[in-house]
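Enquirer: Below: one structure in structure tokens.
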Amino acid sequence: MGIATHSKFEDSRRLKSPSRFPLRAEATEFPTYRVFFMKCELCDREMEALTAHHLIPKQNTKRKNADPSPTIDICSACHRQIHSLFDNKHLAQELNSLEKLKNDPQLQRFISWAKKQKTDKRIQVRGKKA
């Protein structure tokens, strides 16, 4: 009788060991989620999602049956801040370009503060309509 080199217990451990035997192909194909960060055009923060802000509010172009105005891609915090500070009439007449929005003193204060905030944190906006 020879000496046994392994037991049934060792065989069962070998079969369950992922390092010993590769897993089946379908078991290793997990969906890959890639997160692409986009830059807010106002605060320059890298965000997972951006919103489209109409430089001339849709309310004004819809009434005149005009084509929709150009948009800028901004984060939701900047978008909410814009609409909490200014009404649509003021946005259509005075702040209808990216440069005008960036140069507005009220928004400049918010933008400089927002740049310092974490991107995964929801920013609470405050303000009154002008």
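Quick note on naming: the chains in the structure tokens go A, B, ... in the order shown, residues restart at 1 in each chain, and ligands are numbered from 1 in order of appearance.
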Produce a table with one row for each residue of stretch 29-106 of chain A that has an atom at most 7 Å from any atom of stretch 113-124 of chain A, each row naming the nearest atom pair and its distance in Å at one decimal; use only C-alpha atoms; arrange rows by chain and rising residue number; format as a Markdown table.
Expert:
```
| residue | atom | partner | partner_atom | distance |
| --- | --- | --- | --- | --- |
| A:Cys43 | CA | A:Lys115 | CA | 5.7 |
| A:Arg45 | CA | A:Lys115 | CA | 6.3 |
| A:Met47 | CA | A:Thr119 | CA | 6.3 |
| A:Ala77 | CA | A:Ile123 | CA | 5.9 |
```
Enquirer: Those same residues, written as a tab-separated table (two decimals), in the first residue's frame with all heavy atoms?
Expert:
```
chain	number	residue	atom	x	y	z
A	43	CYS	N	-18.98	77.12	-12.67
A	43	CYS	CA	-18.10	76.97	-11.51
A	43	CYS	C	-16.88	76.10	-11.79
A	43	CYS	O	-16.01	75.96	-10.93
A	43	CYS	CB	-18.88	76.42	-10.31
A	43	CYS	SG	-19.44	74.72	-10.50
A	45	ARG	N	-16.49	72.99	-11.78
A	45	ARG	CA	-16.35	71.75	-11.00
A	45	ARG	C	-16.61	70.56	-11.90
A	45	ARG	O	-17.43	70.61	-12.80
A	45	ARG	CB	-17.33	71.74	-9.83
A	45	ARG	CG	-17.04	72.77	-8.79
A	45	ARG	CD	-17.89	72.63	-7.55
A	45	ARG	NE	-19.31	72.58	-7.87
A	45	ARG	CZ	-20.22	71.95	-7.11
A	45	ARG	NH1	-19.87	71.35	-6.01
A	45	ARG	NH2	-21.48	71.96	-7.45
A	47	MET	N	-18.36	67.28	-12.52
A	47	MET	CA	-19.60	66.69	-12.02
A	47	MET	C	-19.98	65.46	-12.83
A	47	MET	O	-19.63	65.34	-14.00
A	47	MET	CB	-20.73	67.72	-12.10
A	47	MET	CG	-20.46	69.03	-11.37
A	47	MET	SD	-20.26	68.86	-9.61
A	47	MET	CE	-21.91	68.46	-9.12
A	77	ALA	N	-26.47	72.85	-8.94
A	77	ALA	CA	-26.36	73.90	-7.93
A	77	ALA	C	-26.32	75.29	-8.59
A	77	ALA	O	-27.03	76.21	-8.16
A	77	ALA	CB	-25.11	73.68	-7.08
```
Enquirer: Name the residues in contact with A:Asp73 at a cut-off of 7 Å, using only C-alpha atoms, excluding same-chain residues fewer than 6 positions from it; report them as a list in words.
Expert: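 Residues meeting the cut-off are Cys40, Glu41, Leu50, Thr51, Ala52 and His53 of chain A.
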Enquirer: Please provide as a compact mmCIF listing (two decimals) with all heavy atoms, in the first residue's frame all residues within 12 Å of A:Glu99, with the sequence filter that same-chain residues fewer than 6 positions apart are discarded (counting only C-alpha atoms).
Expert:
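The result, stored in selection08.txt:
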```txt
# COMPACT_ATOMS: atom_id res chain seq x y z
N GLU A 41 -19.83 74.78 -16.75
CA GLU A 41 -19.31 75.94 -17.46
C GLU A 41 -19.26 77.19 -16.59
O GLU A 41 -18.56 78.15 -16.94
CB GLU A 41 -20.14 76.21 -18.72
CG GLU A 41 -19.98 75.11 -19.76
CD GLU A 41 -20.72 75.39 -21.05
OE1 GLU A 41 -20.66 76.54 -21.53
OE2 GLU A 41 -21.36 74.46 -21.57
N LEU A 42 -19.95 77.20 -15.45
CA LEU A 42 -19.90 78.35 -14.56
C LEU A 42 -18.86 78.18 -13.45
O LEU A 42 -17.96 79.00 -13.30
CB LEU A 42 -21.27 78.61 -13.93
CG LEU A 42 -22.25 79.45 -14.73
CD1 LEU A 42 -23.55 79.62 -13.99
CD2 LEU A 42 -21.66 80.81 -15.04
N LEU A 55 -30.09 80.08 -22.27
CA LEU A 55 -29.64 81.45 -22.03
C LEU A 55 -30.79 82.45 -22.14
O LEU A 55 -30.82 83.44 -21.42
CB LEU A 55 -28.50 81.79 -22.99
CG LEU A 55 -27.21 81.02 -22.71
CD1 LEU A 55 -26.19 81.25 -23.81
CD2 LEU A 55 -26.64 81.40 -21.35
N ILE A 72 -26.22 76.29 -22.10
CA ILE A 72 -24.92 76.01 -21.51
C ILE A 72 -25.11 74.85 -20.55
O ILE A 72 -26.19 74.66 -20.00
CB ILE A 72 -24.32 77.24 -20.79
CG1 ILE A 72 -25.28 77.77 -19.72
CG2 ILE A 72 -23.95 78.32 -21.78
CD1 ILE A 72 -24.70 78.87 -18.86
N LEU A 107 -23.74 86.30 -8.73
CA LEU A 107 -23.31 84.96 -9.13
C LEU A 107 -21.83 84.74 -8.88
O LEU A 107 -21.41 83.63 -8.57
CB LEU A 107 -23.64 84.70 -10.60
CG LEU A 107 -25.00 84.09 -10.88
CD1 LEU A 107 -25.20 83.88 -12.36
CD2 LEU A 107 -25.18 82.79 -10.15
N GLN A 108 -21.02 85.78 -9.01
CA GLN A 108 -19.58 85.65 -8.76
C GLN A 108 -19.32 85.19 -7.33
O GLN A 108 -18.46 84.35 -7.09
CB GLN A 108 -18.85 86.96 -9.03
CG GLN A 108 -18.59 87.22 -10.48
CD GLN A 108 -17.84 88.52 -10.71
OE1 GLN A 108 -17.82 89.41 -9.86
NE2 GLN A 108 -17.23 88.64 -11.88
```
Enquirer: What is the distance between atom CA of A:Ala66 and atom CA of A:His90, in Å to one decimal?
Expert: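 Answer for the atom CA of A:Ala66 to atom CA of A:His90 separation: 18.6 Å.
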Enquirer: In Å, how far is it from atom CA of A:Leu85 to atom CA of A:Pro105?
Expert: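 Computed distance, atom CA of A:Leu85 to atom CA of A:Pro105, equals 11.3 Å.
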Enquirer: Mind checking which residues fall within 10 Å of A:Lys89, counting only C-alpha atoms, ignoring those fewer than 5 positions away in the same chain, and posting them as a list in words?
Expert: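 Near A:Lys89, the qualifying residues are Ile56, Pro57, Gln59, Asn60, Glu94, Leu95 and Ala130 of chain A.
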Enquirer: So how many Å separate atom CA of A:Phe110 and atom CA of A:Leu98, to one decimal?
Expert: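 Separating atom CA of A:Phe110 from atom CA of A:Leu98 is a distance of 15.1 Å.
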Enquirer: Run DSSP on the backbone and tell me which residues of stretch 54-126 of chain A come out as strand (DSSP E); list them as a ChimeraX atom specification.
Expert: /A:54,71-74
Enquirer: For those residues, write all heavy atoms to a file as a short mmCIF file (atom, residue, chain, number, x, y, z; two decimals), in the first residue's frame.
Expert:
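Now in part_4.cif:
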```
data_model
loop_
_atom_site.label_atom_id
_atom_site.label_comp_id
_atom_site.auth_asym_id
_atom_site.auth_seq_id
_atom_site.Cartn_x
_atom_site.Cartn_y
_atom_site.Cartn_z
N HIS A 54 -31.03 77.25 -20.55
CA HIS A 54 -31.33 78.07 -21.73
C HIS A 54 -30.94 79.51 -21.43
O HIS A 54 -31.40 80.09 -20.45
CB HIS A 54 -32.82 78.00 -22.08
CG HIS A 54 -33.23 76.66 -22.61
ND1 HIS A 54 -33.27 76.38 -23.95
CD2 HIS A 54 -33.58 75.52 -21.99
CE1 HIS A 54 -33.64 75.13 -24.13
NE2 HIS A 54 -33.83 74.58 -22.95
N THR A 71 -27.93 76.82 -25.26
CA THR A 71 -27.85 76.38 -23.87
C THR A 71 -26.40 76.28 -23.43
O THR A 71 -25.49 76.20 -24.26
CB THR A 71 -28.52 75.00 -23.68
OG1 THR A 71 -27.84 74.04 -24.49
CG2 THR A 71 -29.99 75.04 -24.03
N ILE A 72 -26.22 76.29 -22.10
CA ILE A 72 -24.92 76.01 -21.51
C ILE A 72 -25.11 74.85 -20.55
O ILE A 72 -26.19 74.66 -20.00
CB ILE A 72 -24.32 77.24 -20.79
CG1 ILE A 72 -25.28 77.77 -19.72
CG2 ILE A 72 -23.95 78.32 -21.78
CD1 ILE A 72 -24.70 78.87 -18.86
N ASP A 73 -24.07 74.05 -20.38
CA ASP A 73 -24.12 72.90 -19.49
C ASP A 73 -23.55 73.30 -18.14
O ASP A 73 -22.35 73.60 -18.03
CB ASP A 73 -23.34 71.72 -20.07
CG ASP A 73 -23.97 71.19 -21.33
OD1 ASP A 73 -25.22 71.21 -21.41
OD2 ASP A 73 -23.24 70.75 -22.23
N ILE A 74 -24.42 73.30 -17.12
CA ILE A 74 -24.00 73.71 -15.79
C ILE A 74 -24.50 72.68 -14.77
O ILE A 74 -25.42 71.91 -15.04
CB ILE A 74 -24.51 75.12 -15.43
CG1 ILE A 74 -26.04 75.21 -15.54
CG2 ILE A 74 -23.86 76.16 -16.32
CD1 ILE A 74 -26.61 76.54 -15.13
#
```
Enquirer: Compare A:Gly127, A:Asp44, A:Lys39, A:Cys75 by their minimum atom-to-atom distance to A:Asp87, counting only C-alpha atoms, and give me the closest one.
Expert: A:Gly127
Enquirer: How would you write, as a ChimeraX atom specification, the set of residues in stretch 32-112 of chain A that DSSP gives as helix (DSSP H, G or I)?
Expert: /A:58-63,76-85,88-93,98-103,105-112
